[in-house]
file start25.pdb (PDB, C-alpha atoms)
MODEL        1
ATOM      1  CA  MET A   1      -5.423  18.892  -7.761
ATOM      2  CA  GLU A   2      -7.115  16.110  -5.802
ATOM      3  CA  ARG A   3      -5.009  13.365  -4.228
ATOM      4  CA  GLU A   4      -6.209  10.670  -6.655
ATOM      5  CA  ALA A   5      -5.451  12.882  -9.673
ATOM      6  CA  ILE A   6      -1.965  13.573  -8.306
ATOM      7  CA  ALA A   7      -1.384   9.846  -7.785
ATOM      8  CA  ARG A   8      -2.390   9.041 -11.348
ATOM      9  CA  GLN A   9      -0.409  11.916 -12.863
ATOM     10  CA  THR A  10       2.694  10.964 -10.886
ATOM     11  CA  ALA A  11       2.328   7.310 -11.920
ATOM     12  CA  LYS A  12       1.986   8.310 -15.565
ATOM     13  CA  ASP A  13       5.003  10.615 -15.340
ATOM     14  CA  LEU A  14       7.188   7.921 -13.777
ATOM     15  CA  LEU A  15       6.176   5.388 -16.417
ATOM     16  CA  ASP A  16       6.655   7.884 -19.265
ATOM     17  CA  ILE A  17      10.223   8.797 -18.269
ATOM     18  CA  GLN A  18      11.026   5.163 -17.377
ATOM     19  CA  ALA A  19      11.734   5.971 -13.751
ATOM     20  CA  VAL A  20       9.510   2.956 -13.116
ATOM     21  CA  PHE A  21       9.945  -0.286 -15.035
ATOM     22  CA  LEU A  22       7.369  -3.063 -14.888
ATOM     23  CA  ARG A  23       8.830  -6.301 -16.203
ATOM     24  CA  PRO A  24       6.829  -9.231 -14.795
ATOM     25  CA  GLU A  25       7.911 -11.632 -17.552
ATOM     26  CA  GLU A  26      11.601 -10.993 -16.782
ATOM     27  CA  PRO A  27      11.747  -9.879 -13.147
ATOM     28  CA  PHE A  28      14.513  -7.899 -11.496
ATOM     29  CA  THR A  29      16.531  -9.478  -8.691
ATOM     30  CA  TRP A  30      16.822  -7.603  -5.413
ATOM     31  CA  ALA A  31      19.911  -7.847  -3.208
ATOM     32  CA  SER A  32      17.909 -10.195  -0.983
ATOM     33  CA  GLY A  33      17.395 -12.538  -3.937
ATOM     34  CA  ILE A  34      13.687 -11.708  -4.257
ATOM     35  CA  GLN A  35      12.401 -11.648  -7.833
ATOM     36  CA  SER A  36      10.551  -8.371  -8.402
ATOM     37  CA  PRO A  37       8.340  -7.311 -11.335
ATOM     38  CA  ILE A  38       9.042  -3.629 -10.601
ATOM     39  CA  TYR A  39      12.115  -1.438 -10.565
ATOM     40  CA  CYS A  40      11.964   2.193  -9.493
ATOM     41  CA  ASP A  41      14.666   4.847 -10.025
ATOM     42  CA  ASN A  42      13.176   8.199  -9.057
ATOM     43  CA  ARG A  43      16.520   9.939  -9.554
ATOM     44  CA  LEU A  44      15.464  10.220 -13.185
ATOM     45  CA  THR A  45      12.764  12.712 -12.198
ATOM     46  CA  LEU A  46      15.508  15.295 -11.682
ATOM     47  CA  SER A  47      16.334  15.199 -15.401
ATOM     48  CA  TYR A  48      12.816  16.133 -16.532
ATOM     49  CA  PRO A  49      11.913  19.701 -15.472
ATOM     50  CA  ALA A  50       8.156  19.395 -16.059
ATOM     51  CA  VAL A  51       7.932  16.138 -14.094
ATOM     52  CA  ARG A  52      10.202  17.489 -11.384
ATOM     53  CA  ARG A  53       8.079  20.636 -11.063
ATOM     54  CA  ARG A  54       4.855  18.648 -10.701
ATOM     55  CA  ILE A  55       6.425  16.489  -7.992
ATOM     56  CA  GLU A  56       7.761  19.441  -5.997
ATOM     57  CA  GLU A  57       4.498  21.378  -6.294
ATOM     58  CA  ALA A  58       2.558  18.312  -5.114
ATOM     59  CA  PHE A  59       5.004  17.835  -2.234
ATOM     60  CA  ALA A  60       4.672  21.481  -1.207
ATOM     61  CA  ALA A  61       0.864  21.327  -1.251
ATOM     62  CA  LEU A  62       0.932  18.082   0.751
ATOM     63  CA  ILE A  63       3.247  19.506   3.420
ATOM     64  CA  ARG A  64       1.207  22.701   3.739
ATOM     65  CA  GLU A  65      -1.952  20.608   4.146
ATOM     66  CA  LYS A  66      -0.709  17.902   6.527
ATOM     67  CA  TYR A  67       2.150  19.627   8.325
ATOM     68  CA  PRO A  68       1.491  23.376   8.512
ATOM     69  CA  ASP A  69       3.814  23.614  11.543
ATOM     70  CA  CYS A  70       6.796  22.251   9.596
ATOM     71  CA  GLU A  71       9.968  24.194  10.413
ATOM     72  CA  CYS A  72      12.546  22.177   8.487
ATOM     73  CA  LEU A  73      12.870  19.665   5.636
ATOM     74  CA  MET A  74      15.282  16.753   5.996
ATOM     75  CA  GLY A  75      16.241  14.671   2.967
ATOM     76  CA  THR A  76      17.236  11.027   3.037
ATOM     77  CA  SER A  77      20.627  10.169   1.606
ATOM     78  CA  THR A  78      20.944  10.314  -1.278
ATOM     79  CA  SER A  79      17.726  10.311  -3.283
ATOM     80  CA  GLY A  80      15.739  12.557  -0.966
ATOM     81  CA  ILE A  81      18.387  15.290  -0.827
ATOM     82  CA  PRO A  82      17.710  17.087  -4.143
ATOM     83  CA  HIS A  83      13.948  17.064  -3.604
ATOM     84  CA  ALA A  84      14.381  18.427  -0.083
ATOM     85  CA  ALA A  85      16.664  21.168  -1.420
ATOM     86  CA  ILE A  86      14.268  22.233  -4.178
ATOM     87  CA  LEU A  87      11.308  22.149  -1.791
ATOM     88  CA  ALA A  88      13.127  24.124   0.881
ATOM     89  CA  ASP A  89      13.781  26.865  -1.657
ATOM     90  CA  MET A  90      10.158  26.844  -2.842
ATOM     91  CA  MET A  91       8.782  26.928   0.708
ATOM     92  CA  ASN A  92      11.467  29.186   2.214
ATOM     93  CA  LEU A  93      12.348  26.581   4.844
ATOM     94  CA  PRO A  94      15.651  25.391   6.325
ATOM     95  CA  MET A  95      16.934  22.129   4.888
ATOM     96  CA  GLY A  96      19.337  19.402   5.855
ATOM     97  CA  TYR A  97      19.879  15.714   5.272
ATOM     98  CA  VAL A  98      20.711  12.531   7.119
ATOM     99  CA  ARG A  99      23.523  10.223   6.107
ATOM    100  CA  GLY A 100      23.238   6.450   6.150
ATOM    101  CA  GLY A 101      25.802   6.511   8.978
ATOM    102  CA  GLU A 102      28.190   8.854  10.735
ATOM    103  CA  LYS A 103      31.111  10.304   8.792
ATOM    104  CA  LYS A 104      34.437   8.739   9.670
ATOM    105  CA  HIS A 105      36.250  12.091   9.685
ATOM    106  CA  GLY A 106      35.772  15.734  10.640
ATOM    107  CA  ARG A 107      32.920  16.178  13.125
ATOM    108  CA  ASN A 108      31.580  12.663  12.481
ATOM    109  CA  ASN A 109      28.175  14.069  11.585
ATOM    110  CA  GLN A 110      25.280  11.893  10.541
ATOM    111  CA  ILE A 111      22.896  14.839  10.313
ATOM    112  CA  GLU A 112      24.028  17.623   8.011
ATOM    113  CA  GLY A 113      22.540  21.090   8.324
ATOM    114  CA  LYS A 114      21.547  23.149  11.358
ATOM    115  CA  THR A 115      19.038  21.522  13.704
ATOM    116  CA  PHE A 116      17.951  22.348  17.239
ATOM    117  CA  PRO A 117      16.047  20.428  19.933
ATOM    118  CA  GLY A 118      12.303  20.508  19.400
ATOM    119  CA  GLN A 119      12.541  21.575  15.771
ATOM    120  CA  LYS A 120       9.619  20.223  13.751
ATOM    121  CA  ALA A 121      10.778  18.447  10.603
ATOM    122  CA  VAL A 122       9.315  16.570   7.665
ATOM    123  CA  VAL A 123      11.452  13.844   6.075
ATOM    124  CA  ILE A 124      11.632  13.786   2.265
ATOM    125  CA  GLU A 125      12.101  10.344   0.669
ATOM    126  CA  ASP A 126      11.826   9.110  -2.915
ATOM    127  CA  LEU A 127      10.708   5.484  -2.409
ATOM    128  CA  ILE A 128       9.233   3.470   0.464
ATOM    129  CA  SER A 129       9.452  -0.303   0.116
ATOM    130  CA  THR A 130      10.298  -2.100   3.368
ATOM    131  CA  ALA A 131      10.850   1.321   5.049
ATOM    132  CA  GLY A 132      14.020   0.249   6.861
ATOM    133  CA  SER A 133      16.290   3.050   5.655
ATOM    134  CA  VAL A 134      13.809   5.889   6.164
ATOM    135  CA  ILE A 135      13.056   4.731   9.711
ATOM    136  CA  GLU A 136      16.792   4.887  10.462
ATOM    137  CA  VAL A 137      16.661   8.529   9.329
ATOM    138  CA  VAL A 138      13.667   9.214  11.567
ATOM    139  CA  GLU A 139      15.393   7.604  14.548
ATOM    140  CA  ALA A 140      18.606   9.592  13.980
ATOM    141  CA  LEU A 141      16.616  12.829  13.945
ATOM    142  CA  ARG A 142      14.679  11.869  17.062
ATOM    143  CA  ASP A 143      17.919  10.978  18.853
ATOM    144  CA  ALA A 144      19.111  14.502  18.051
ATOM    145  CA  GLY A 145      15.979  15.980  19.613
ATOM    146  CA  THR A 146      14.137  16.766  16.391
ATOM    147  CA  GLU A 147      10.367  16.291  16.323
ATOM    148  CA  VAL A 148       9.594  14.324  13.145
ATOM    149  CA  LEU A 149       6.118  15.301  11.999
ATOM    150  CA  GLY A 150       6.033  12.700   9.239
ATOM    151  CA  ILE A 151       7.470  11.444   5.962
ATOM    152  CA  VAL A 152       6.481  12.422   2.438
ATOM    153  CA  SER A 153       7.675  10.353  -0.503
ATOM    154  CA  ILE A 154       7.195  10.042  -4.230
ATOM    155  CA  VAL A 155       6.268   6.341  -4.299
ATOM    156  CA  THR A 156       5.274   3.697  -1.787
ATOM    157  CA  TYR A 157       4.991   0.015  -2.642
ATOM    158  CA  GLY A 158       2.502  -0.413   0.216
ATOM    159  CA  MET A 159       4.127  -3.653   1.338
ATOM    160  CA  LYS A 160       2.947  -5.159   4.614
ATOM    161  CA  LYS A 161       6.466  -5.248   6.061
ATOM    162  CA  GLY A 162       6.985  -1.562   5.362
ATOM    163  CA  LEU A 163       3.605  -0.568   6.780
ATOM    164  CA  GLU A 164       4.281  -2.566   9.936
ATOM    165  CA  LYS A 165       7.690  -0.954  10.427
ATOM    166  CA  LEU A 166       6.255   2.540  10.010
ATOM    167  CA  ALA A 167       3.495   1.780  12.503
ATOM    168  CA  ALA A 168       5.988   0.346  15.013
ATOM    169  CA  ALA A 169       8.105   3.506  14.680
ATOM    170  CA  HIS A 170       5.012   5.682  15.194
ATOM    171  CA  VAL A 171       5.617   7.662  12.037
ATOM    172  CA  THR A 172       3.297   8.334   9.109
ATOM    173  CA  ASN A 173       4.301   8.288   5.446
ATOM    174  CA  THR A 174       2.262   9.933   2.718
ATOM    175  CA  SER A 175       3.239   9.246  -0.898
ATOM    176  CA  LEU A 176       2.283  11.021  -4.093
ATOM    177  CA  THR A 177       1.566   7.676  -5.760
ATOM    178  CA  ASP A 178       1.686   3.978  -4.970
ATOM    179  CA  PHE A 179       2.214   0.525  -6.433
ATOM    180  CA  ASP A 180      -1.492  -0.067  -7.033
ATOM    181  CA  THR A 181      -1.943   3.174  -8.960
ATOM    182  CA  ILE A 182       1.165   2.555 -11.049
ATOM    183  CA  ALA A 183      -0.097  -0.934 -11.940
ATOM    184  CA  ALA A 184      -3.551   0.400 -12.836
ATOM    185  CA  VAL A 185      -2.217   3.239 -15.013
ATOM    186  CA  ALA A 186       0.236   0.856 -16.701
ATOM    187  CA  ALA A 187      -2.624  -1.482 -17.612
ATOM    188  CA  GLU A 188      -4.852   1.340 -18.851
ATOM    189  CA  THR A 189      -2.128   2.692 -21.133
ATOM    190  CA  GLY A 190      -1.153  -0.708 -22.536
ATOM    191  CA  TYR A 191       2.226  -0.793 -20.816
ATOM    192  CA  ILE A 192       1.255  -4.172 -19.328
ATOM    193  CA  ALA A 193      -1.627  -6.553 -19.989
ATOM    194  CA  LYS A 194      -4.649  -5.958 -17.779
ATOM    195  CA  ASP A 195      -4.551  -9.590 -16.659
ATOM    196  CA  THR A 196      -1.108  -8.928 -15.183
ATOM    197  CA  VAL A 197      -2.331  -6.488 -12.522
ATOM    198  CA  LYS A 198      -3.546  -9.260 -10.200
ATOM    199  CA  ALA A 199      -0.123 -10.914 -10.302
ATOM    200  CA  LEU A 200       1.573  -7.604  -9.468
ATOM    201  CA  LEU A 201      -0.683  -7.031  -6.480
ATOM    202  CA  THR A 202      -0.034 -10.598  -5.312
ATOM    203  CA  PHE A 203       3.670  -9.784  -5.359
ATOM    204  CA  ARG A 204       3.003  -6.594  -3.421
ATOM    205  CA  ASP A 205       1.164  -8.534  -0.731
ATOM    206  CA  ASN A 206       4.009 -11.027  -0.237
ATOM    207  CA  PRO A 207       7.230 -10.293  -2.170
ATOM    208  CA  SER A 208       9.059 -13.318  -0.788
ATOM    209  CA  ASP A 209       6.462 -15.722  -2.219
ATOM    210  CA  PRO A 210       7.193 -16.435  -5.920
ATOM    211  CA  ALA A 211       3.613 -17.627  -6.507
ATOM    212  CA  TRP A 212       2.815 -14.420  -8.411
ATOM    213  CA  ARG A 213       5.060 -15.565 -11.264
ATOM    214  CA  LYS A 214       2.739 -18.508 -11.973
ATOM    215  CA  MET A 215      -0.041 -15.999 -12.629
ATOM    216  CA  ILE A 216       1.781 -14.378 -15.583
ATOM    217  CA  VAL A 217       0.228 -15.542 -18.851
TER     218      VAL A 217
ENDMDL
END

call {"tool": "encode", "arguments": {"input": "start25.pdb", "output": "structure tokens"}}
result
Amino acid sequence: MEREAIARQTAKDLLDIQAVFLRPEEPFTWASGIQSPIYCDNRLTLSYPAVRRRIEEAFAALIREKYPDCECLMGTSTSGIPHAAILADMMNLPMGYVRGGEKKHGRNNQIEGKTFPGQKAVVIEDLISTAGSVIEVVEALRDAGTEVLGIVSIVTYGMKKGLEKLAAAHVTNTSLTDFDTIAAVAAETGYIAKDTVKALLTFRDNPSDPAWRKMIV
């Protein structure tokens, strides 16, 4: 399946199972206080076998295409872990995951699973927004001597801040779908009014600016 078809199918799946909510008239509030028209909970994909299978098959094809030298899959904690585990089984690859911080007991591990210096890994993430947490995972792996080939994720919001952080960290993310595609599919299916798409993309360009809310009819 071509990349655009995968992006549209993934967007449709996420909207259908309500893993993605678009609510521009009654926005969600982020921890930072930012008012957001979108809420994404990709954990729900695990509860729908057909959706889950399409995501893992698309991930596997993407990794084989972009990272044929991949030797290990590393999930982000916690949402990337189940996808990394399923993928590792499908692709017959070693798997591990990276905690948000070191454990406070035992061996004080931050990285769980067997790794070795020079090992080539792909990081599995569910959502990229500002990219802060996934870059911490990449840096932890690099500090341990792992060569991070790249990141693959289910959704990216494509926000400027996130793109800048990824570029500064010299790491590439490739997502199955993105904010723009989700907005377009939502409008085509009647989930949101077509006139709302421009407001959503204005939010995407500058989430901290509430001007997009004035564009909602």

call {"tool": "residues_near_point", "arguments": {"input": "start25.pdb", "point": "(17.0, 2.9, -1.9)", "cutoff": "9 Å", "atoms": "only C-alpha atoms", "output": "ChimeraX atom specification"}}
result
/A:41,77-79,126-129,133

call {"tool": "resolve_selection", "arguments": {"input": "start25.pdb", "expression": "the PyMOL selection byres ((chain A and resi 138) around 9)", "output": "list of chain:residue names"}}
result
A:Val98, A:Val123, A:Ser133, A:Val134, A:Ile135, A:Glu136, A:Val137, A:Glu139, A:Ala140, A:Leu141, A:Arg142, A:Asp143, A:Thr146, A:Val148, A:Gly150, A:Ile151, A:Ala169, A:Val171

call {"tool": "atom_distance", "arguments": {"input": "start25.pdb", "atom1": "CA of Thr189 in chain A", "atom2": "CA of Met215 in chain A"}}
result
20.6 Å

call {"tool": "residues_around", "arguments": {"input": "start25.pdb", "residues": "range 9-18 of chain A", "least_positions_apart": "3", "cutoff": "12 Å", "atoms": "only C-alpha atoms", "output": "count of residues only"}}
result
54

call {"tool": "resolve_selection", "arguments": {"input": "start25.pdb", "expression": "the PyMOL selection byres ((chain A and resi 75) around 7)", "output": "PDB file with C-alpha atoms, in the coordinates of the input"}}
result
ATOM      1  CA  LEU A  73      12.870  19.665   5.636  1.00  0.00           C
ATOM      2  CA  MET A  74      15.282  16.753   5.996  1.00  0.00           C
ATOM      3  CA  THR A  76      17.236  11.027   3.037  1.00  0.00           C
ATOM      4  CA  SER A  77      20.627  10.169   1.606  1.00  0.00           C
ATOM      5  CA  GLY A  80      15.739  12.557  -0.966  1.00  0.00           C
ATOM      6  CA  ILE A  81      18.387  15.290  -0.827  1.00  0.00           C
ATOM      7  CA  ALA A  84      14.381  18.427  -0.083  1.00  0.00           C
ATOM      8  CA  GLY A  96      19.337  19.402   5.855  1.00  0.00           C
ATOM      9  CA  TYR A  97      19.879  15.714   5.272  1.00  0.00           C
ATOM     10  CA  VAL A  98      20.711  12.531   7.119  1.00  0.00           C
ATOM     11  CA  VAL A 123      11.452  13.844   6.075  1.00  0.00           C
ATOM     12  CA  ILE A 124      11.632  13.786   2.265  1.00  0.00           C
ATOM     13  CA  GLU A 125      12.101  10.344   0.669  1.00  0.00           C
TER      14      GLU A 125
END

call {"tool": "residues_around", "arguments": {"input": "start25.pdb", "residues": "range 68-72 of chain A", "least_positions_apart": "3", "cutoff": "6 Å", "atoms": "only C-alpha atoms", "output": "NGL selection string"}}
result
:A and (64 or 93-95 or 120-121)

call {"tool": "atom_distance", "arguments": {"input": "start25.pdb", "atom1": "CA of Lys114 in chain A", "atom2": "CA of Gly145 in chain A"}}
result
12.3 Å

call {"tool": "axis_aligned_box", "arguments": {"input": "start25.pdb", "around": "range 169-178 of chain A", "padding_each_side": "4 Å", "output": "AutoDock Vina command-line options"}}
result
--center_x 4.8 --center_y 7.3 --center_z 4.7 --size_x 14.5 --size_y 15.5 --size_z 29.0

call {"tool": "atom_distance", "arguments": {"input": "start25.pdb", "atom1": "CA of His83 in chain A", "atom2": "CA of Val122 in chain A"}}
result
12.2 Å

call {"tool": "closest_residue", "arguments": {"input": "start25.pdb", "among": "A:Asn109, A:Ser36, A:Asn92, A:Thr115", "to": "Ala199 in chain A", "atoms": "only C-alpha atoms"}}
result
A:Ser36

call {"tool": "resolve_selection", "arguments": {"input": "start25.pdb", "expression": "the PyMOL selection byres ((chain A and resi 211-213) around 8)", "output": "VMD selection string"}}
result
chain A and resid 24 to 25 199 to 200 202 to 203 209 to 210 214 to 216

call {"tool": "closest_residue", "arguments": {"input": "start25.pdb", "among": "A:Ile63, A:Thr130, A:Val20, A:Asn173", "to": "Met90 in chain A", "atoms": "only C-alpha atoms"}}
result
A:Ile63
